[in-house]
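Student: Provided below: final31.pdb, containing PDB, C-alpha atoms and all ligand atoms.
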```pdb
ATOM      1  CA  MET A   1      72.178  94.591  93.827
ATOM      2  CA  PRO A   2      74.593  94.161  96.754
ATOM      3  CA  ASP A   3      74.236  96.142  99.961
ATOM      4  CA  TYR A   4      77.019  98.686 100.124
ATOM      5  CA  VAL A   5      78.346  99.866 103.447
ATOM      6  CA  ILE A   6      79.614 103.006 101.696
ATOM      7  CA  ASP A   7      77.200 104.069  98.994
ATOM      8  CA  ALA A   8      77.859 107.438  97.355
ATOM      9  CA  GLU A   9      76.260 108.611  94.137
ATOM     10  CA  GLY A  10      77.189 111.599  92.023
ATOM     11  CA  ILE A  11      79.331 113.449  94.575
ATOM     12  CA  VAL A  12      80.514 116.878  93.483
ATOM     13  CA  VAL A  13      82.855 119.125  95.492
ATOM     14  CA  ARG A  14      83.808 122.572  94.279
ATOM     15  CA  PHE A  15      86.314 125.072  95.655
ATOM     16  CA  GLY A  16      85.268 128.268  93.897
ATOM     17  CA  ASP A  17      85.445 127.560  90.150
ATOM     18  CA  PHE A  18      87.550 124.438  90.635
ATOM     19  CA  THR A  19      85.814 121.035  90.724
ATOM     20  CA  ALA A  20      87.855 118.783  93.036
ATOM     21  CA  VAL A  21      85.406 115.843  92.956
ATOM     22  CA  ASP A  22      83.442 115.505  89.743
ATOM     23  CA  HIS A  23      80.242 113.418  89.859
ATOM     24  CA  MET A  24      81.895 110.498  91.579
ATOM     25  CA  ASP A  25      80.157 107.243  92.586
ATOM     26  CA  VAL A  26      81.810 105.241  95.376
ATOM     27  CA  HIS A  27      80.491 101.810  96.329
ATOM     28  CA  VAL A  28      82.202  99.709  98.961
ATOM     29  CA  ALA A  29      80.774  96.354 100.035
ATOM     30  CA  GLU A  30      80.733  95.288 103.663
ATOM     31  CA  GLY A  31      83.951  93.482 104.616
ATOM     32  CA  GLU A  32      86.038  94.848 101.747
ATOM     33  CA  ILE A  33      89.467  96.443 101.899
ATOM     34  CA  TYR A  34      89.018  99.096  99.244
ATOM     35  CA  GLY A  35      91.953 101.119  97.926
ATOM     36  CA  PHE A  36      91.514 104.649  96.603
ATOM     37  CA  LEU A  37      94.550 105.480  94.499
ATOM     38  CA  GLY A  38      95.453 108.681  92.723
ATOM     39  CA  PRO A  39      98.290 111.146  92.196
ATOM     40  CA  ASN A  40      98.770 114.280  94.320
ATOM     41  CA  GLY A  41      95.747 116.546  94.076
ATOM     42  CA  ALA A  42      93.481 113.904  92.479
ATOM     43  CA  GLY A  43      90.780 114.406  95.121
ATOM     44  CA  LYS A  44      91.380 111.520  97.558
ATOM     45  CA  THR A  45      91.450 113.475 100.829
ATOM     46  CA  THR A  46      88.494 115.615  99.746
ATOM     47  CA  THR A  47      86.496 112.442  99.028
ATOM     48  CA  VAL A  48      87.457 110.988 102.434
ATOM     49  CA  LYS A  49      86.283 114.217 104.101
ATOM     50  CA  ILE A  50      82.968 114.032 102.246
ATOM     51  CA  LEU A  51      82.365 110.346 103.024
ATOM     52  CA  THR A  52      83.177 110.839 106.720
ATOM     53  CA  THR A  53      80.825 113.846 107.125
ATOM     54  CA  MET A  54      83.671 116.336 107.694
ATOM     55  CA  MET A  55      82.520 118.251 104.592
ATOM     56  CA  LYS A  56      79.258 118.534 102.699
ATOM     57  CA  PRO A  57      79.180 117.916  98.940
ATOM     58  CA  ALA A  58      77.682 120.460  96.549
ATOM     59  CA  GLU A  59      75.782 117.606  94.901
ATOM     60  CA  GLY A  60      75.247 113.904  95.443
ATOM     61  CA  SER A  61      74.008 111.520  98.089
ATOM     62  CA  ILE A  62      76.028 109.453 100.553
ATOM     63  CA  SER A  63      75.092 106.737 102.967
ATOM     64  CA  VAL A  64      77.321 104.872 105.393
ATOM     65  CA  GLY A  65      76.006 101.690 106.981
ATOM     66  CA  GLY A  66      72.584 102.537 105.588
ATOM     67  CA  TYR A  67      72.491 106.035 107.176
ATOM     68  CA  ARG A  68      72.292 109.022 104.874
ATOM     69  CA  THR A  69      74.970 111.496 105.917
ATOM     70  CA  ASP A  70      72.771 114.546 105.185
ATOM     71  CA  THR A  71      69.862 113.445 107.381
ATOM     72  CA  HIS A  72      71.453 110.951 109.848
ATOM     73  CA  ALA A  73      75.016 112.234 110.244
ATOM     74  CA  ASP A  74      75.297 111.280 113.945
ATOM     75  CA  GLU A  75      74.258 107.686 113.286
ATOM     76  CA  ALA A  76      76.695 107.450 110.351
ATOM     77  CA  ARG A  77      79.508 108.982 112.458
ATOM     78  CA  ARG A  78      79.081 106.320 115.134
ATOM     79  CA  LEU A  79      80.022 103.686 112.552
ATOM     80  CA  ILE A  80      83.023 105.562 111.185
ATOM     81  CA  GLY A  81      86.650 105.706 112.350
ATOM     82  CA  VAL A  82      89.013 108.086 110.535
ATOM     83  CA  VAL A  83      92.775 108.446 110.508
ATOM     84  CA  GLN A  84      93.347 111.673 108.654
ATOM     85  CA  GLN A  85      96.340 112.404 106.464
ATOM     86  CA  HIS A  86      97.267 115.421 108.599
ATOM     87  CA  ILE A  87      97.085 114.051 112.082
ATOM     88  CA  ALA A  88      94.814 116.042 114.366
ATOM     89  CA  LEU A  89      96.004 115.599 117.980
ATOM     90  CA  ASP A  90      95.839 118.122 120.822
ATOM     91  CA  LYS A  91      99.521 118.955 121.287
ATOM     92  CA  ASP A  92      99.127 120.369 124.819
ATOM     93  CA  ILE A  93      97.847 117.195 126.494
ATOM     94  CA  SER A  94      99.322 113.711 126.796
ATOM     95  CA  VAL A  95      98.803 110.843 124.379
ATOM     96  CA  ARG A  96      96.697 109.134 127.061
ATOM     97  CA  GLU A  97      94.500 112.241 127.442
ATOM     98  CA  ASN A  98      94.141 112.554 123.671
ATOM     99  CA  ILE A  99      92.876 108.969 123.477
ATOM    100  CA  ILE A 100      90.492 109.452 126.442
ATOM    101  CA  CYS A 101      89.085 112.679 124.921
ATOM    102  CA  ARG A 102      88.420 110.931 121.637
ATOM    103  CA  ALA A 103      86.755 108.002 123.446
ATOM    104  CA  MET A 104      84.538 110.438 125.386
ATOM    105  CA  LEU A 105      83.510 112.174 122.170
ATOM    106  CA  HIS A 106      82.275 108.784 121.024
ATOM    107  CA  LYS A 107      80.424 108.393 124.364
ATOM    108  CA  ILE A 108      82.301 105.215 125.322
ATOM    109  CA  PRO A 109      81.393 104.390 128.967
ATOM    110  CA  ARG A 110      84.222 105.538 131.317
ATOM    111  CA  LYS A 111      84.737 102.042 132.740
ATOM    112  CA  ASP A 112      85.418 100.677 129.235
ATOM    113  CA  ILE A 113      87.923 103.327 128.163
ATOM    114  CA  GLY A 114      90.922 102.085 130.206
ATOM    115  CA  PRO A 115      90.747  98.415 129.152
ATOM    116  CA  ARG A 116      90.145  99.304 125.471
ATOM    117  CA  MET A 117      93.050 101.802 125.481
ATOM    118  CA  GLU A 118      95.325  99.234 127.139
ATOM    119  CA  GLU A 119      94.362  96.558 124.609
ATOM    120  CA  LEU A 120      95.026  98.786 121.599
ATOM    121  CA  CYS A 121      98.198 100.417 122.956
ATOM    122  CA  ASP A 122      99.714  97.037 123.829
ATOM    123  CA  MET A 123      98.951  95.764 120.327
ATOM    124  CA  ILE A 124     100.450  98.793 118.580
ATOM    125  CA  GLY A 125     103.347  99.292 121.040
ATOM    126  CA  LEU A 126     102.175 102.728 122.187
ATOM    127  CA  THR A 127     102.060 102.005 125.949
ATOM    128  CA  PRO A 128     105.520 103.512 126.764
ATOM    129  CA  TYR A 129     104.474 106.789 125.096
ATOM    130  CA  LEU A 130     101.131 107.311 126.858
ATOM    131  CA  ASP A 131     102.407 110.038 129.198
ATOM    132  CA  LYS A 132     104.282 112.013 126.536
ATOM    133  CA  THR A 133     102.706 114.879 124.602
ATOM    134  CA  PRO A 134     102.316 114.525 120.817
ATOM    135  CA  MET A 135     105.017 117.218 120.457
ATOM    136  CA  GLU A 136     107.519 114.749 121.921
ATOM    137  CA  LEU A 137     106.639 111.973 119.458
ATOM    138  CA  SER A 138     108.088 111.188 116.044
ATOM    139  CA  GLY A 139     105.739 111.299 113.024
ATOM    140  CA  GLY A 140     105.265 107.519 113.106
ATOM    141  CA  TRP A 141     104.220 107.460 116.777
ATOM    142  CA  LYS A 142     101.847 110.386 116.208
ATOM    143  CA  ARG A 143     100.227 108.361 113.442
ATOM    144  CA  LYS A 144      99.954 105.313 115.720
ATOM    145  CA  THR A 145      98.294 107.524 118.367
ATOM    146  CA  ALA A 146      95.793 108.712 115.753
ATOM    147  CA  ILE A 147      95.103 105.083 114.810
ATOM    148  CA  VAL A 148      94.392 104.134 118.441
ATOM    149  CA  CYS A 149      92.076 107.183 118.741
ATOM    150  CA  ALA A 150      90.190 106.095 115.617
ATOM    151  CA  LEU A 151      89.748 102.510 116.830
ATOM    152  CA  MET A 152      88.557 103.205 120.384
ATOM    153  CA  HIS A 153      84.835 102.981 119.509
ATOM    154  CA  ARG A 154      85.234  99.819 117.382
ATOM    155  CA  PRO A 155      84.170 101.419 114.082
ATOM    156  CA  LYS A 156      82.389  99.342 111.463
ATOM    157  CA  VAL A 157      84.080 101.296 108.659
ATOM    158  CA  LEU A 158      87.622 102.585 109.011
ATOM    159  CA  PHE A 159      88.946 105.325 106.714
ATOM    160  CA  LEU A 160      92.725 105.482 106.514
ATOM    161  CA  ASP A 161      94.105 108.432 104.532
ATOM    162  CA  GLU A 162      97.698 107.534 103.624
ATOM    163  CA  PRO A 163      98.157 105.638 106.892
ATOM    164  CA  THR A 164     101.703 104.439 106.245
ATOM    165  CA  ALA A 165     103.189 107.694 104.903
ATOM    166  CA  GLY A 166     106.408 108.290 106.796
ATOM    167  CA  LEU A 167     106.355 105.010 108.722
ATOM    168  CA  ASP A 168     109.437 102.794 108.930
ATOM    169  CA  THR A 169     109.328  99.359 107.264
ATOM    170  CA  GLN A 170     108.519  97.445 110.484
ATOM    171  CA  SER A 171     105.681  99.828 111.370
ATOM    172  CA  ARG A 172     104.326  99.662 107.824
ATOM    173  CA  HIS A 173     104.148  95.873 107.944
ATOM    174  CA  MET A 174     102.714  95.967 111.463
ATOM    175  CA  LEU A 175     100.008  98.323 110.251
ATOM    176  CA  TRP A 176      99.266  96.061 107.263
ATOM    177  CA  ASP A 177      98.853  93.138 109.695
ATOM    178  CA  MET A 178      96.560  95.285 111.868
ATOM    179  CA  ILE A 179      94.449  96.212 108.847
ATOM    180  CA  ARG A 180      94.121  92.543 107.867
ATOM    181  CA  ILE A 181      93.182  91.505 111.428
ATOM    182  CA  MET A 182      90.614  94.314 111.771
ATOM    183  CA  ASN A 183      89.175  93.368 108.403
ATOM    184  CA  ARG A 184      88.967  89.677 109.365
ATOM    185  CA  ASN A 185      87.103  90.823 112.499
ATOM    186  CA  GLY A 186      84.494  92.519 110.321
ATOM    187  CA  THR A 187      85.755  96.094 109.775
ATOM    188  CA  THR A 188      85.391  97.466 106.268
ATOM    189  CA  ILE A 189      88.482  99.448 105.268
ATOM    190  CA  PHE A 190      88.673 102.458 102.938
ATOM    191  CA  LEU A 191      92.330 103.181 102.298
ATOM    192  CA  THR A 192      94.066 105.898 100.319
ATOM    193  CA  THR A 193      97.686 105.279  99.504
ATOM    194  CA  HIS A 194     100.490 106.279  97.161
ATOM    195  CA  TYR A 195     102.174 102.913  97.610
ATOM    196  CA  MET A 196     101.100 100.481  94.901
ATOM    197  CA  ASP A 197     102.735  97.528  96.693
ATOM    198  CA  GLU A 198     100.544  98.376  99.707
ATOM    199  CA  ALA A 199      97.398  98.427  97.569
ATOM    200  CA  GLU A 200      98.399  95.224  95.756
ATOM    201  CA  SER A 201      99.140  93.406  98.993
ATOM    202  CA  LEU A 202      96.134  94.603 101.024
ATOM    203  CA  CYS A 203      93.210  95.584  98.848
ATOM    204  CA  ASP A 204      90.395  93.358  97.607
ATOM    205  CA  ARG A 205      89.449  96.073  95.136
ATOM    206  CA  VAL A 206      90.900  99.420  94.095
ATOM    207  CA  SER A 207      89.798 102.482  92.180
ATOM    208  CA  ILE A 208      92.245 104.720  90.369
ATOM    209  CA  ILE A 209      91.212 108.347  90.368
ATOM    210  CA  GLY A 210      92.434 111.384  88.480
ATOM    211  CA  HIS A 211      91.091 114.935  88.365
ATOM    212  CA  GLY A 212      88.216 114.096  90.708
ATOM    213  CA  LYS A 213      86.873 111.157  88.655
ATOM    214  CA  ILE A 214      87.191 107.380  88.975
ATOM    215  CA  ARG A 215      89.159 106.194  85.948
ATOM    216  CA  ASP A 216      89.146 102.456  86.601
ATOM    217  CA  SER A 217      88.059  99.999  89.306
ATOM    218  CA  GLY A 218      88.574  96.304  89.948
ATOM    219  CA  THR A 219      90.705  93.842  91.854
ATOM    220  CA  PRO A 220      94.432  94.574  91.415
ATOM    221  CA  ARG A 221      94.649  91.390  89.328
ATOM    222  CA  GLU A 222      91.731  92.386  87.115
ATOM    223  CA  LEU A 223      93.287  95.791  86.433
ATOM    224  CA  CYS A 224      96.648  94.224  85.545
ATOM    225  CA  CYS A 225      94.980  91.655  83.249
ATOM    226  CA  ARG A 226      92.933  94.383  81.550
ATOM    227  CA  LEU A 227      96.119  96.258  80.683
ATOM    228  CA  GLY A 228      97.939  93.051  79.688
ATOM    229  CA  LYS A 229      99.256  90.388  82.041
ATOM    230  CA  TYR A 230     102.832  90.688  80.731
ATOM    231  CA  THR A 231     104.992  93.784  80.342
ATOM    232  CA  VAL A 232     108.010  94.281  78.108
ATOM    233  CA  GLU A 233     110.263  97.149  79.178
ATOM    234  CA  TYR A 234     113.002  98.381  76.874
ATOM    235  CA  ASP A 235     114.941 101.493  75.920
ATOM    236  CA  SER A 236     113.820 103.433  72.852
ATOM    237  CA  ASP A 237     116.332 104.697  70.281
ATOM    238  CA  ASP A 238     116.768 107.932  72.256
ATOM    239  CA  GLY A 239     117.339 106.016  75.511
ATOM    240  CA  ARG A 240     113.911 106.529  77.139
ATOM    241  CA  ARG A 241     112.252 103.621  78.949
ATOM    242  CA  GLN A 242     109.303 102.224  76.999
ATOM    243  CA  TYR A 243     106.547  99.836  78.160
ATOM    244  CA  ARG A 244     104.388  97.486  76.074
ATOM    245  CA  PHE A 245     101.677  95.221  77.482
ATOM    246  CA  PHE A 246     100.595  91.786  76.253
ATOM    247  CA  ASP A 247      97.899  89.266  77.159
ATOM    248  CA  THR A 248     100.083  86.181  76.777
ATOM    249  CA  ARG A 249     103.677  85.298  77.586
ATOM    250  CA  GLU A 250     104.153  84.118  73.970
ATOM    251  CA  GLU A 251     103.181  87.528  72.542
ATOM    252  CA  ALA A 252     105.403  89.254  75.101
ATOM    253  CA  LYS A 253     108.340  86.945  74.298
ATOM    254  CA  ALA A 254     107.908  87.482  70.553
ATOM    255  CA  PHE A 255     108.073  91.255  71.026
ATOM    256  CA  PHE A 256     110.920  90.957  73.536
ATOM    257  CA  ASP A 257     113.004  89.116  70.908
ATOM    258  CA  THR A 258     112.850  92.291  68.797
ATOM    259  CA  VAL A 259     114.082  94.585  71.628
ATOM    260  CA  GLU A 260     116.326  92.273  73.663
ATOM    261  CA  ASP A 261     119.423  94.214  72.583
ATOM    262  CA  ARG A 262     117.785  97.410  73.892
ATOM    263  CA  ASN A 263     118.051  96.482  77.557
ATOM    264  CA  GLY A 264     114.714  94.693  77.253
ATOM    265  CA  VAL A 265     113.039  92.649  79.963
ATOM    266  CA  VAL A 266     109.805  90.619  80.171
ATOM    267  CA  ARG A 267     107.969  90.641  83.503
ATOM    268  CA  GLY A 268     104.494  90.379  85.013
ATOM    269  CA  THR A 269     102.428  93.588  84.947
ATOM    270  CA  HIS A 270     102.159  95.373  88.309
ATOM    271  CA  LEU A 271      99.495  97.678  89.687
ATOM    272  CA  GLU A 272     102.085 100.463  89.417
ATOM    273  CA  ASP A 273     102.077  99.989  85.615
ATOM    274  CA  VAL A 274      98.281 100.307  85.545
ATOM    275  CA  PHE A 275      98.453 103.390  87.754
ATOM    276  CA  LEU A 276     101.058 105.086  85.569
ATOM    277  CA  GLU A 277      99.213 104.229  82.367
ATOM    278  CA  GLU A 278      95.971 105.679  83.809
ATOM    279  CA  THR A 279      97.421 108.776  85.422
ATOM    280  CA  GLY A 280     100.411 109.539  83.203
ATOM    281  CA  ARG A 281     104.132 108.855  83.287
ATOM    282  CA  THR A 282     106.836 111.461  83.745
ATOM    283  CA  ASN A 283     107.425 113.777  80.824
ATOM    284  CA  VAL A 284     111.077 112.805  80.426
ATOM    285  CA  LYS A 285     111.648 115.348  77.638
ATOM    286  CA  ALA A 286     110.594 118.196  79.940
ATOM    287  CA  LEU A 287     112.736 116.787  82.761
ATOM    288  CA  GLU A 288     115.778 116.552  80.506
ATOM    289  CA  LYS A 289     115.259 120.153  79.408
ATOM    290  CA  ALA A 290     114.803 121.433  82.969
ATOM    291  CA  LEU A 291     117.789 119.527  84.340
ATOM    292  CA  ARG A 292     120.216 120.530  81.562
ATOM    293  CA  ILE A 293     123.186 122.272  83.132
TER     294      ILE A 293
HETATM  295  N1  LIG B 301      90.160 123.900 101.002
HETATM  296  C1  LIG B 301      90.522 123.908  99.728
HETATM  297  N2  LIG B 301      90.443 125.034  98.978
HETATM  298  C2  LIG B 301      90.778 125.048  97.678
HETATM  299  N3  LIG B 301      91.232 123.969  96.996
HETATM  300  C3  LIG B 301      91.345 122.813  97.692
HETATM  301  C4  LIG B 301      91.004 122.722  99.084
HETATM  302  N4  LIG B 301      91.210 121.439  99.488
HETATM  303  C5  LIG B 301      91.669 120.773  98.409
HETATM  304  N5  LIG B 301      91.753 121.593  97.337
HETATM  305  C6  LIG B 301      92.184 121.220  95.984
HETATM  306  O1  LIG B 301      91.411 120.099  95.585
HETATM  307  C7  LIG B 301      92.222 119.168  94.861
HETATM  308  C8  LIG B 301      92.136 117.822  95.510
HETATM  309  O2  LIG B 301      92.821 117.895  96.752
HETATM  310  P1  LIG B 301      92.959 116.618  97.694
HETATM  311  O3  LIG B 301      93.656 117.064  98.943
HETATM  312  O4  LIG B 301      91.650 115.961  97.821
HETATM  313  O5  LIG B 301      93.920 115.707  96.810
HETATM  314  P2  LIG B 301      94.632 114.331  97.188
HETATM  315  O6  LIG B 301      94.304 113.379  96.076
HETATM  316  O7  LIG B 301      94.285 113.909  98.564
HETATM  317  O8  LIG B 301      96.166 114.751  97.079
HETATM  318  P3  LIG B 301      97.467 114.258  97.919
HETATM  319  O9  LIG B 301      97.815 112.897  97.409
HETATM  320  O10 LIG B 301      98.493 115.273  97.533
HETATM  321  O11 LIG B 301      97.122 114.276  99.378
HETATM  322  C9  LIG B 301      93.626 119.769  94.820
HETATM  323  O12 LIG B 301      93.796 120.438  93.577
HETATM  324  C10 LIG B 301      93.633 120.762  95.965
HETATM  325  O13 LIG B 301      94.516 121.822  95.697
END
```
How would this structure read if it were set down as C-alpha cells?
Tutor:
Amino acid sequence: MPDYVIDAEGIVVRFGDFTAVDHMDVHVAEGEIYGFLGPNGAGKTTTVKILTTMMKPAEGSISVGGYRTDTHADEARRLIGVVQQHIALDKDISVRENIICRAMLHKIPRKDIGPRMEELCDMIGLTPYLDKTPMELSGGWKRKTAIVCALMHRPKVLFLDEPTAGLDTQSRHMLWDMIRIMNRNGTTIFLTTHYMDEAESLCDRVSIIGHGKIRDSGTPRELCCRLGKYTVEYDSDDGRRQYRFFDTREEAKAFFDTVEDRNGVVRGTHLEDVFLEETGRTNVKALEKALRI
C-alpha cells in the first residue's frame, strides 16, 4: 500500500438536499502531478475546498502529508499551497503588500520574505507590478500574483484550481514549465483544468469526475488505451459527427474503409475523447432545434 500525500476516503459534501461530492475517494502519491477533470458543476472546486481545509465534509476522512484535516488542520495547512479559481486578493493594498500579508499568515520569518518574494516575482515576471493594486492588473497578472502568494511558504502540496483559465498562450506555457519545475523539486501538484491538452501534457495521472463521483482514473495513456487507442471520426447519414474506438490500427482502418466517403478520418485517441465519452457529448439534436431560425 503506497503512502499517499493526499488520502481522502468517502468524502461527502451536501448543499441542502443536493449532494455535490458523493462518497469520493482521492489518493495522490507524493511527487505526482494529478489532474482532476470534470465538466462545469461536477464538484471539482468543492473537492479542492474540502481537501485544503476551507470546508468540512459531511462525511469522510482526509489526510494531507499524514495529518488528518479534522484533528490536525494547522499542520496540514502548513504543507498546502492553494491557487483558487476565484482569486482572493485584497484589492485595496499593493501586490507587494498582498504577498507579504500572505507570507506573514504562514509565519515566514520577516528577513526571508523579501528574498523569497524577489526570487518568485523575477521567475514569473511580476516584479514590475509589485507596487500596483490588484484592481490595476489584468486577470492573468492577478492569477500570477495569487500563484506567488501560494508559493511563498514552499508548500509540499500545491492545489491549482483552473490555474491557466484566461491566461495568454505564453503565460500558459510558462505556468506549465513552472509546474514541471516545482514538481521536479518535490512538490506534489493537484490540478483541476478544463483543458485536456494541459492534462495530457502535464499530468502523471488523472481522474475524470461527473456528478460528484470519480468515473475513471489512470494515466492519460491508460485511459486512451482503455477506450481504444485509435479513433475513427465520420459523418452519419444525417450529417452528425460520429466516433468509434478501436484497439488496433488494422481494426480502425478496416472500419474507416467503410466510412471513408463520409468525411472519415483515422487518428490516435485523445484524452478529450475519453472525457467526452465519460461525461457526455453535446446533444446536437437539441442544439439544432434551439438554433433553428
Ligand atoms: N455554496 C454552495 N451552495 C449551493 N450549491 C453549491 C455551492 N457551491 C457549489 N455548489 C454546487 O455544487 C456543484 C459543484 O460545484 P463546483 O463549484 O464544485 O463545480 P466545479 O466542478 O468546480 O465546476 P466549474 O468547472 O464550473 O468550476 C454545482 O452544482 C454547484 O452549483
Student: Go through the chains and note each residue within 10 Å of ligand LIG 301 (chain B), using all atoms listed in the file, then give the set as a PyMOL selection string.
Tutor: chain A and resi 13-21+36-50+85-86+161-162+192-194+209-212
Student: With all atoms listed in the file as the counted atoms, please give the residues lying no more than 10 Å from A:Val259, apart from itself and same-chain residues fewer than 4 positions off, as a ChimeraX atom specification.
Tutor: /A:232-236,253-255,263-265
Student: The selected residues should be written to file as an mmCIF file, keeping the file's coordinate frame (atoms: C-alpha atoms).
Tutor:
```
data_model
loop_
_atom_site.group_PDB
_atom_site.id
_atom_site.type_symbol
_atom_site.label_atom_id
_atom_site.label_comp_id
_atom_site.auth_asym_id
_atom_site.auth_seq_id
_atom_site.Cartn_x
_atom_site.Cartn_y
_atom_site.Cartn_z
ATOM 1 C CA VAL A 232 108.010 94.281 78.108
ATOM 2 C CA GLU A 233 110.263 97.149 79.178
ATOM 3 C CA TYR A 234 113.002 98.381 76.874
ATOM 4 C CA ASP A 235 114.941 101.493 75.920
ATOM 5 C CA SER A 236 113.820 103.433 72.852
ATOM 6 C CA LYS A 253 108.340 86.945 74.298
ATOM 7 C CA ALA A 254 107.908 87.482 70.553
ATOM 8 C CA PHE A 255 108.073 91.255 71.026
ATOM 9 C CA ASN A 263 118.051 96.482 77.557
ATOM 10 C CA GLY A 264 114.714 94.693 77.253
ATOM 11 C CA VAL A 265 113.039 92.649 79.963
#
```
Student: Just the residues within 7 Å of A:Pro220, please, counting only C-alpha atoms, with nothing from its chain fewer than 4 positions along; format it as an MDAnalysis selection string.
Tutor: chainID A and resid 200 205:206 224 271
Student: Could you please determine the separation between atom CA of A:Thr248 and atom CA of A:Cys225 in Å, to one decimal place?
Tutor: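 Answer for the atom CA of A:Thr248 to atom CA of A:Cys225 separation: 9.9 Å.
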Student: Please determine, counting all atoms listed in the file, which residue among A:Lys91, A:Leu105, A:Leu160, A:Thr133 has the shortest atom-to-atom distance to A:Thr52.
Tutor: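 Of A:Lys91, A:Leu105, A:Leu160, A:Thr133, the one nearest A:Thr52, counting all atoms listed in the file, is A:Leu160.
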Student: Go through A:Gly31, A:Pro163, A:Pro128, A:Gly218 one by one, measure the shortest atom-to-atom distance of each to A:Gln84 using all atoms listed in the file, and give the residue with the smallest value.
Tutor: A:Pro163
Student: Using all atoms listed in the file, which residue out of A:Val148, A:Val28, A:Leu51, A:Ile100 lies closest to A:Ile11?
Tutor: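 Among the listed residues, A:Leu51 lies closest to A:Ile11.
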Student: To one decimal in Å, tell me the separation between atom CA of A:Val157 and atom CA of A:Gly81.
Tutor: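 Going from atom CA of A:Val157 over to atom CA of A:Gly81 covers 6.3 Å.
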Student: Hey, what's within 9 Å of A:Ala146 if we count only C-alpha atoms and toss same-chain stuff fewer than 4 positions away? As a list of chain:residue names, please?
Tutor: A:Val82, A:Val83, A:Gln84, A:Ile87, A:Ala88, A:Leu89, A:Asn98, A:Ile99, A:Trp141, A:Lys142, A:Ala150, A:Leu151
Student: Just give me the gap between atom CA of A:Asp92 and atom CA of A:Thr145 in Å, one decimal is fine.
Tutor: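 Separation of atom CA of A:Asp92 and atom CA of A:Thr145: 14.4 Å.
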